[in-house]
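**Q** Sharing start-v4.pdb here; it has PDB, C-alpha atoms.
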```pdb
MODEL        1
ATOM      1  CA  ALA A  19    -124.329   8.356  53.227  1.00  0.00           C
ATOM      2  CA  GLY A  20    -127.529   7.965  51.330  1.00  0.00           C
ATOM      3  CA  GLY A  21    -129.973  10.613  52.407  1.00  0.00           C
ATOM      4  CA  PRO A  22    -133.698  10.817  51.766  1.00  0.00           C
ATOM      5  CA  ALA A  23    -133.625   9.165  48.332  1.00  0.00           C
ATOM      6  CA  LEU A  24    -131.920   6.053  49.678  1.00  0.00           C
ATOM      7  CA  ALA A  25    -134.342   5.923  52.612  1.00  0.00           C
ATOM      8  CA  ARG A  26    -137.285   6.084  50.182  1.00  0.00           C
ATOM      9  CA  LEU A  27    -135.756   3.270  48.098  1.00  0.00           C
ATOM     10  CA  ARG A  28    -135.303   1.120  51.176  1.00  0.00           C
ATOM     11  CA  ARG A  29    -138.908   1.657  52.270  1.00  0.00           C
ATOM     12  CA  ALA A  30    -140.158   0.941  48.740  1.00  0.00           C
ATOM     13  CA  SER A  31    -138.150  -2.296  48.627  1.00  0.00           C
ATOM     14  CA  GLY A  32    -139.975  -3.638  51.668  1.00  0.00           C
ATOM     15  CA  ARG A  33    -136.686  -4.999  53.017  1.00  0.00           C
ATOM     16  CA  PRO A  34    -135.348  -4.443  56.523  1.00  0.00           C
ATOM     17  CA  ALA A  35    -132.438  -1.961  56.577  1.00  0.00           C
ATOM     18  CA  ARG A  36    -129.666  -4.566  56.946  1.00  0.00           C
ATOM     19  CA  GLU A  37    -131.099  -6.792  54.207  1.00  0.00           C
ATOM     20  CA  PHE A  38    -131.447  -3.752  51.941  1.00  0.00           C
ATOM     21  CA  SER A  39    -127.790  -2.835  52.597  1.00  0.00           C
ATOM     22  CA  ARG A  40    -126.671  -6.344  51.601  1.00  0.00           C
ATOM     23  CA  ALA A  41    -128.739  -6.144  48.416  1.00  0.00           C
ATOM     24  CA  VAL A  42    -127.239  -2.749  47.556  1.00  0.00           C
ATOM     25  CA  ARG A  43    -123.733  -4.116  48.057  1.00  0.00           C
ATOM     26  CA  ALA A  44    -124.501  -7.157  45.893  1.00  0.00           C
ATOM     27  CA  TRP A  45    -125.783  -4.827  43.161  1.00  0.00           C
ATOM     28  CA  GLU A  46    -122.709  -2.597  43.412  1.00  0.00           C
ATOM     29  CA  TYR A  47    -120.370  -5.557  42.895  1.00  0.00           C
ATOM     30  CA  GLY A  48    -122.293  -7.527  40.304  1.00  0.00           C
ATOM     31  CA  GLY A  49    -125.419  -5.762  39.066  1.00  0.00           C
ATOM     32  CA  HIS A  50    -128.454  -7.923  38.377  1.00  0.00           C
ATOM     33  CA  ALA A  51    -126.374 -11.135  38.398  1.00  0.00           C
ATOM     34  CA  GLY A  52    -124.821 -10.154  41.736  1.00  0.00           C
ATOM     35  CA  LEU A  53    -128.244  -9.638  43.271  1.00  0.00           C
ATOM     36  CA  ALA A  54    -129.406 -12.999  41.906  1.00  0.00           C
ATOM     37  CA  VAL A  55    -126.401 -14.716  43.545  1.00  0.00           C
ATOM     38  CA  LEU A  56    -127.299 -13.103  46.869  1.00  0.00           C
ATOM     39  CA  GLU A  57    -130.918 -14.190  46.767  1.00  0.00           C
ATOM     40  CA  GLU A  58    -130.958 -17.529  44.935  1.00  0.00           C
ATOM     41  CA  SER A  59    -129.225 -20.866  45.183  1.00  0.00           C
ATOM     42  CA  TRP A  60    -129.169 -23.302  42.273  1.00  0.00           C
ATOM     43  CA  ARG A  61    -127.605 -26.589  41.207  1.00  0.00           C
ATOM     44  CA  PRO A  62    -124.770 -26.013  38.740  1.00  0.00           C
ATOM     45  CA  PRO A  63    -123.824 -28.862  36.385  1.00  0.00           C
ATOM     46  CA  ALA A  64    -121.544 -31.369  38.120  1.00  0.00           C
ATOM     47  CA  ALA A  65    -118.928 -31.230  35.359  1.00  0.00           C
ATOM     48  CA  GLY A  66    -118.460 -27.474  35.786  1.00  0.00           C
ATOM     49  CA  LEU A  67    -118.063 -27.824  39.540  1.00  0.00           C
ATOM     50  CA  ALA A  68    -115.543 -30.640  39.097  1.00  0.00           C
ATOM     51  CA  ARG A  69    -113.471 -28.399  36.796  1.00  0.00           C
ATOM     52  CA  ALA A  70    -113.645 -25.581  39.354  1.00  0.00           C
ATOM     53  CA  ARG A  71    -112.577 -27.910  42.173  1.00  0.00           C
ATOM     54  CA  ALA A  72    -109.606 -29.113  40.100  1.00  0.00           C
ATOM     55  CA  ARG A  73    -108.716 -25.520  39.258  1.00  0.00           C
ATOM     56  CA  LEU A  74    -108.763 -24.535  42.932  1.00  0.00           C
ATOM     57  CA  GLY A  75    -106.590 -27.491  43.868  1.00  0.00           C
ATOM     58  CA  ALA A  76    -104.063 -26.817  41.114  1.00  0.00           C
ATOM     59  CA  GLY A  77    -104.032 -23.051  41.399  1.00  0.00           C
ATOM     60  CA  TRP A  78    -103.677 -22.596  45.122  1.00  0.00           C
ATOM     61  CA  ALA A  79    -100.162 -21.785  46.322  1.00  0.00           C
ATOM     62  CA  GLY A  80     -98.842 -21.618  49.865  1.00  0.00           C
ATOM     63  CA  ASP A  81    -100.632 -23.216  52.757  1.00  0.00           C
ATOM     64  CA  GLU A  82    -102.974 -26.050  51.972  1.00  0.00           C
ATOM     65  CA  LEU A  83    -106.413 -24.955  50.945  1.00  0.00           C
ATOM     66  CA  PRO A  84    -109.090 -26.439  53.203  1.00  0.00           C
ATOM     67  CA  GLU A  85    -111.781 -28.524  51.571  1.00  0.00           C
ATOM     68  CA  PRO A  86    -114.843 -26.379  50.934  1.00  0.00           C
ATOM     69  CA  GLN A  87    -118.262 -27.301  52.238  1.00  0.00           C
ATOM     70  CA  VAL A  88    -120.312 -27.363  49.043  1.00  0.00           C
ATOM     71  CA  TRP A  89    -124.035 -26.767  48.965  1.00  0.00           C
ATOM     72  CA  ARG A  90    -125.547 -26.135  45.567  1.00  0.00           C
ATOM     73  CA  ASN A  91    -123.676 -23.106  44.126  1.00  0.00           C
ATOM     74  CA  ARG A  92    -122.083 -22.079  47.441  1.00  0.00           C
ATOM     75  CA  TRP A  93    -118.589 -23.126  48.452  1.00  0.00           C
ATOM     76  CA  THR A  94    -117.898 -22.277  52.082  1.00  0.00           C
ATOM     77  CA  PHE A  95    -114.519 -22.236  53.811  1.00  0.00           C
ATOM     78  CA  PRO A  96    -115.688 -21.966  57.455  1.00  0.00           C
ATOM     79  CA  ASP A  97    -112.237 -21.644  59.036  1.00  0.00           C
ATOM     80  CA  ARG A  98    -111.590 -18.620  56.816  1.00  0.00           C
ATOM     81  CA  ARG A  99    -115.128 -17.174  57.134  1.00  0.00           C
ATOM     82  CA  ALA A 100    -115.076 -17.106  53.347  1.00  0.00           C
ATOM     83  CA  GLN A 101    -117.505 -18.253  50.709  1.00  0.00           C
ATOM     84  CA  LEU A 102    -117.598 -18.352  46.937  1.00  0.00           C
ATOM     85  CA  ARG A 103    -120.927 -18.343  45.160  1.00  0.00           C
ATOM     86  CA  TYR A 104    -121.097 -19.520  41.574  1.00  0.00           C
ATOM     87  CA  GLY A 105    -123.441 -17.392  39.508  1.00  0.00           C
ATOM     88  CA  GLN A 106    -125.544 -18.515  36.584  1.00  0.00           C
ATOM     89  CA  ASP A 107    -123.440 -16.048  34.578  1.00  0.00           C
ATOM     90  CA  GLY A 108    -120.401 -18.346  35.074  1.00  0.00           C
ATOM     91  CA  ARG A 109    -118.615 -16.008  37.506  1.00  0.00           C
ATOM     92  CA  TRP A 110    -117.536 -16.604  41.112  1.00  0.00           C
ATOM     93  CA  TYR A 111    -118.730 -14.113  43.713  1.00  0.00           C
ATOM     94  CA  PRO A 112    -116.743 -13.684  46.952  1.00  0.00           C
ATOM     95  CA  TYR A 113    -118.618 -13.477  50.262  1.00  0.00           C
ATOM     96  CA  ARG A 114    -117.420 -12.904  53.811  1.00  0.00           C
ATOM     97  CA  GLU A 115    -119.197 -14.034  56.973  1.00  0.00           C
ATOM     98  CA  ALA A 116    -120.139 -11.169  59.297  1.00  0.00           C
ATOM     99  CA  ALA A 117    -120.022 -11.433  63.081  1.00  0.00           C
ATOM    100  CA  ASP A 118    -123.761 -12.167  63.145  1.00  0.00           C
ATOM    101  CA  GLY A 119    -123.311 -15.163  60.811  1.00  0.00           C
ATOM    102  CA  GLU A 120    -124.782 -13.505  57.714  1.00  0.00           C
ATOM    103  CA  TRP A 121    -122.902 -13.702  54.426  1.00  0.00           C
ATOM    104  CA  TRP A 122    -122.072 -10.379  52.760  1.00  0.00           C
ATOM    105  CA  PRO A 123    -120.826  -9.723  49.219  1.00  0.00           C
ATOM    106  CA  ALA A 124    -117.122  -8.967  49.549  1.00  0.00           C
ATOM    107  CA  GLY A 125    -115.746  -8.147  46.121  1.00  0.00           C
ATOM    108  CA  VAL A 126    -116.101  -8.157  42.391  1.00  0.00           C
ATOM    109  CA  PRO A 127    -116.933 -11.447  40.674  1.00  0.00           C
ATOM    110  CA  ARG A 128    -114.238 -13.335  38.783  1.00  0.00           C
ATOM    111  CA  ASN A 129    -114.308 -15.909  36.021  1.00  0.00           C
ATOM    112  CA  ASP A 130    -111.710 -17.979  37.880  1.00  0.00           C
ATOM    113  CA  PRO A 131    -112.497 -19.362  41.373  1.00  0.00           C
ATOM    114  CA  VAL A 132    -108.794 -19.170  42.314  1.00  0.00           C
ATOM    115  CA  GLU A 133    -108.728 -15.427  41.600  1.00  0.00           C
ATOM    116  CA  ALA A 134    -111.983 -14.863  43.498  1.00  0.00           C
ATOM    117  CA  LEU A 135    -110.729 -16.749  46.554  1.00  0.00           C
ATOM    118  CA  ALA A 136    -107.320 -15.050  46.430  1.00  0.00           C
ATOM    119  CA  ASP A 137    -109.033 -11.651  46.349  1.00  0.00           C
ATOM    120  CA  LEU A 138    -111.178 -12.650  49.292  1.00  0.00           C
ATOM    121  CA  LEU A 139    -108.334 -14.017  51.403  1.00  0.00           C
ATOM    122  CA  GLY A 140    -105.944 -11.211  50.545  1.00  0.00           C
ATOM    123  CA  GLY A 141    -103.552 -13.355  48.585  1.00  0.00           C
TER     124      GLY A 141
ENDMDL
END
```
Please go through the file and, once you have read it, give me the structure as structure tokens.
**A**
Amino acid sequence: AGGPALARLRRASGRPAREFSRAVRAWEYGGHAGLAVLEESWRPPAAGLARARARLGAGWAGDELPEPQVWRNRWTFPDRRAQLRYGQDGRWYPYREAADGEWWPAGVPRNDPVEALADLLGG
């Protein structure tokens, strides 16, 4: 899908086709904030991240949740090929690792990291 208009937009963006597709998907899920989460990393306040970590630990049912690898606003669960990105809008954006190792937006953002991760992992 897309047609000539989408091709013109991609050329005007100056992005390679795959990068443009990721940006479009980020926009579809989260608008301007979703695109910002795709393109920018930032350092959230430590207190907010501590609350989110406690919420994940308390809210996860079933098998034990692996410890995320945390870098700035990105929480990666490598064994699950899953990642949550915390936006400056206070929402958690789910990402999935593609076969080529790139991270792709994978769903709508949530206010609760447990809900975002459950959506991502199908639980």
**Q** Tell me which residues the PyMOL selection byres ((chain A and resi 81-97) around 10) grabs here, as a PyMOL selection string.
**A** chain A and resi 55+58-64+67+71+74-75+78-80+98-106+110-115+135
**Q** When you draw a straight line from CA of Arg40 in chain A to CA of Pro123 in chain A, how long is it in Å?
**A**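 Rounded to one decimal, the two atoms are 7.2 Å apart.
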**Q** Record the distance separating CA of Asp130 in chain A and CA of Ala116 in chain A, expressed in Å with one decimal.
**A**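 We find that CA of Asp130 in chain A and CA of Ala116 in chain A lie 24.0 Å from each other.
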**Q** Hey, what comes out of the PyMOL selection byres ((chain A and resi 137) around 10) on this file? Could you write it as an MDAnalysis selection string?
**A** chainID A and resid 112 124:128 131:136 138:141
**Q** So which residues get picked by the PyMOL selection byres ((chain A and resi 37) around 12) here, written as an MDAnalysis selection string?
**A** chainID A and resid 28:29 31:36 38:44 53 56:57 120:123
**Q** Grab the CA of Ala51 in chain A to CA of Gly108 in chain A distance for me, in Å with one decimal place.
**A** 9.9 Å
